[in-house]
Every structure is written in structure tokens, then in C-alpha cells.
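**Q** Input file: run.cif. Contents: mmCIF, C-alpha atoms, pLDDT in the B column; chains and numbers go by the auth columns.
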```
data_work
#
loop_
_atom_site.group_PDB
_atom_site.id
_atom_site.type_symbol
_atom_site.label_atom_id
_atom_site.label_comp_id
_atom_site.label_asym_id
_atom_site.label_seq_id
_atom_site.Cartn_x
_atom_site.Cartn_y
_atom_site.Cartn_z
_atom_site.B_iso_or_equiv
_atom_site.auth_seq_id
_atom_site.auth_asym_id
ATOM 1 C CA MET A 1 -210.741 40.301 65.054 70.00 1 A
ATOM 2 C CA ALA A 2 -213.153 43.215 65.089 82.00 2 A
ATOM 3 C CA ILE A 3 -214.903 44.341 61.926 83.00 3 A
ATOM 4 C CA ASN A 4 -214.909 48.082 61.340 88.00 4 A
ATOM 5 C CA PRO A 5 -218.441 49.106 60.253 88.00 5 A
ATOM 6 C CA MET A 6 -217.059 52.053 58.272 91.00 6 A
ATOM 7 C CA GLU A 7 -214.849 49.705 56.257 92.00 7 A
ATOM 8 C CA LEU A 8 -217.899 47.547 55.522 87.00 8 A
ATOM 9 C CA LEU A 9 -219.712 50.616 54.203 91.00 9 A
ATOM 10 C CA LYS A 10 -216.711 51.415 51.961 93.00 10 A
ATOM 11 C CA LEU A 11 -216.702 47.827 50.734 90.00 11 A
ATOM 12 C CA LYS A 12 -220.406 48.014 49.931 90.00 12 A
ATOM 13 C CA GLU A 13 -219.836 51.227 47.965 95.00 13 A
ATOM 14 C CA ARG A 14 -216.890 49.721 46.053 95.00 14 A
ATOM 15 C CA LEU A 15 -218.918 46.595 45.288 91.00 15 A
ATOM 16 C CA SER A 16 -221.686 48.786 43.887 94.00 16 A
ATOM 17 C CA ILE A 17 -219.184 50.579 41.651 96.00 17 A
ATOM 18 C CA PHE A 18 -217.683 47.278 40.498 95.00 18 A
ATOM 19 C CA THR A 19 -221.142 45.887 39.722 94.00 19 A
ATOM 20 C CA SER A 20 -222.093 48.949 37.682 96.00 20 A
ATOM 21 C CA GLN A 21 -218.843 48.729 35.695 97.00 21 A
ATOM 22 C CA HIS A 22 -219.056 44.946 35.178 97.00 22 A
ATOM 23 C CA PRO A 23 -222.793 44.141 35.159 95.00 23 A
ATOM 24 C CA LYS A 24 -222.474 40.586 33.793 96.00 24 A
ATOM 25 C CA PHE A 25 -220.069 39.386 36.473 94.00 25 A
ATOM 26 C CA PRO A 26 -222.537 39.215 39.404 89.00 26 A
ATOM 27 C CA ALA A 27 -224.966 37.214 37.239 92.00 27 A
ATOM 28 C CA PHE A 28 -222.124 34.847 36.339 93.00 28 A
ATOM 29 C CA LEU A 29 -221.228 34.376 40.011 88.00 29 A
ATOM 30 C CA GLN A 30 -224.874 33.761 40.861 88.00 30 A
ATOM 31 C CA ALA A 31 -225.150 31.105 38.142 92.00 31 A
ATOM 32 C CA VAL A 32 -221.973 29.432 39.395 90.00 32 A
ATOM 33 C CA GLY A 33 -223.293 29.510 42.956 86.00 33 A
ATOM 34 C CA GLU A 34 -226.599 27.960 41.938 88.00 34 A
ATOM 35 C CA HIS A 35 -225.377 25.353 39.478 90.00 35 A
ATOM 36 C CA ALA A 36 -221.667 24.640 39.844 91.00 36 A
ATOM 37 C CA ALA A 37 -220.540 25.340 43.399 90.00 37 A
ATOM 38 C CA VAL A 38 -220.344 21.727 44.488 94.00 38 A
ATOM 39 C CA GLU A 39 -217.541 19.740 46.018 95.00 39 A
ATOM 40 C CA GLY A 40 -215.093 18.639 43.345 96.00 40 A
ATOM 41 C CA THR A 41 -215.732 21.560 40.982 95.00 41 A
ATOM 42 C CA VAL A 42 -212.525 23.045 39.584 96.00 42 A
ATOM 43 C CA VAL A 43 -212.370 26.840 39.596 95.00 43 A
ATOM 44 C CA GLU A 44 -209.733 28.261 37.263 97.00 44 A
ATOM 45 C CA ILE A 45 -208.784 31.879 36.794 96.00 45 A
ATOM 46 C CA THR A 46 -206.502 33.452 34.227 98.00 46 A
ATOM 47 C CA VAL A 47 -205.284 37.030 34.545 97.00 47 A
ATOM 48 C CA THR A 48 -203.703 38.652 31.496 98.00 48 A
ATOM 49 C CA PRO A 49 -201.888 41.896 32.326 97.00 49 A
ATOM 50 C CA PRO A 50 -201.067 44.483 29.641 97.00 50 A
ATOM 51 C CA ASP A 51 -197.723 42.791 28.900 97.00 51 A
ATOM 52 C CA GLY A 52 -199.701 39.793 27.621 96.00 52 A
ATOM 53 C CA LYS A 53 -198.150 37.142 29.892 97.00 53 A
ATOM 54 C CA PRO A 54 -201.118 35.269 31.380 97.00 54 A
ATOM 55 C CA LEU A 55 -201.085 33.955 34.931 98.00 55 A
ATOM 56 C CA THR A 56 -203.347 30.972 35.607 98.00 56 A
ATOM 57 C CA SER A 57 -204.260 29.107 38.772 98.00 57 A
ATOM 58 C CA ASN A 58 -206.990 26.699 39.812 98.00 58 A
ATOM 59 C CA ILE A 59 -208.481 25.076 42.878 97.00 59 A
ATOM 60 C CA ARG A 60 -210.758 22.096 43.395 97.00 60 A
ATOM 61 C CA LEU A 61 -213.610 23.040 45.733 96.00 61 A
ATOM 62 C CA THR A 62 -213.800 21.169 49.023 97.00 62 A
ATOM 63 C CA GLY A 63 -216.671 20.798 51.455 95.00 63 A
ATOM 64 C CA ASP A 64 -215.163 23.612 53.540 96.00 64 A
ATOM 65 C CA ASP A 65 -215.121 25.853 50.454 94.00 65 A
ATOM 66 C CA ILE A 66 -218.803 25.146 49.855 93.00 66 A
ATOM 67 C CA THR A 67 -219.554 26.082 53.480 93.00 67 A
ATOM 68 C CA SER A 68 -217.649 29.366 53.030 92.00 68 A
ATOM 69 C CA ILE A 69 -219.515 30.121 49.807 88.00 69 A
ATOM 70 C CA GLY A 70 -222.796 29.574 51.646 88.00 70 A
ATOM 71 C CA ILE A 71 -221.752 32.063 54.342 89.00 71 A
ATOM 72 C CA LEU A 72 -220.812 34.646 51.696 84.00 72 A
ATOM 73 C CA LYS A 73 -224.168 34.136 49.945 82.00 73 A
ATOM 74 C CA ASN A 74 -225.971 34.882 53.207 82.00 74 A
ATOM 75 C CA LEU A 75 -224.045 38.140 53.701 76.00 75 A
ATOM 76 C CA LYS A 76 -225.865 39.822 50.831 66.00 76 A
ATOM 77 C CA SER A 77 -229.272 39.222 52.417 51.00 77 A
#
```
Take the structure in the file and give it back as C-alpha cells.

**A**
Amino acid sequence: MAINPMELLKLKERLSIFTSQHPKFPAFLQAVGEHAAVEGTVVEITVTPPDGKPLTSNIRLTGDDITSIGILKNLKS
């Protein structure tokens, strides 16, 4: 699977926009990565659309997940 460099540039631009619109979220993710991203941690997300019916899911982090998180952390360098 080849990675299109132009798509990566678009992703970087979109990430910048997202960060400017939601400035607290990157700090939250950084704190999670530094203090809570360990095997066995439960990550839960709830999405509440305009109709008010929340959707919730969760996962328990595995060793493979922690490895993937480490790779993603290194991408921003």
C-alpha cells in the first residue's frame, strides 16, 4: 500500500484546522498518552448526535494497541 504524499499534506492541513478549532483536545490526548496509555486501560467514547441518542463504545487496550500508539506518537516528530 503506497502512501500518497499529497494526501498526507491534506491530512496535516486538516489536523491543523481541527487543532485550532478544538485546542484542548490535543493536550488531552497528550496527557492520556503520557499517563494512561497502558495495557488494560479502558477507552470509552460516547457520541451524541443532534437527535440526542448517544452511541457509546469502549475497548480495553492491548499490548499491540500500545505499540500502535507509540508509532503514531513518533509520526508527529

**Q** Which residue is closest to Asn58 in chain A? Choose from A:Leu9, A:Ala2, A:Leu15, A:Ile45 and count all atoms listed in the file.

**A**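 Using all atoms listed in the file, the shortest distance to Asn58 in chain A belongs to A:Ile45.
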
**Q** Evaluated on this file, the PyMOL selection byres ((chain A and resi 33) around 12) picks out some residues - which ones are they, written as a list in words?

**A** Pro26, Ala27, Phe28, Leu29, Gln30, Ala31, Val32, Glu34, His35, Ala36, Ala37, Val38, Glu39, Thr41, Val43, Leu61, Asp65, Ile66, Thr67, Ser68, Ile69, Gly70, Ile71, Leu72, Lys73 and Asn74 of chain A

**Q** Quick one: distance from CA of Leu55 in chain A to CA of Leu11 in chain A in Å, one decimal?

**A**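 Rounded to one decimal, the two atoms are 26.2 Å apart.
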
**Q** To one decimal in Å, tell me the separation between CA of Thr19 in chain A and CA of Thr56 in chain A.

**A**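 It comes out at 23.6 Å.
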
**Q** Between A:Lys10, A:His22, A:Gly40, A:Ile17, which one has atoms that come closest to Asp64 in chain A, using only C-alpha atoms?

**A** A:Gly40

**Q** How many Å lie between CA of Ile3 in chain A and CA of Leu75 in chain A, rounded to one decimal?

**A**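 Atom-to-atom, CA of Ile3 in chain A and CA of Leu75 in chain A are spaced 13.8 Å apart.
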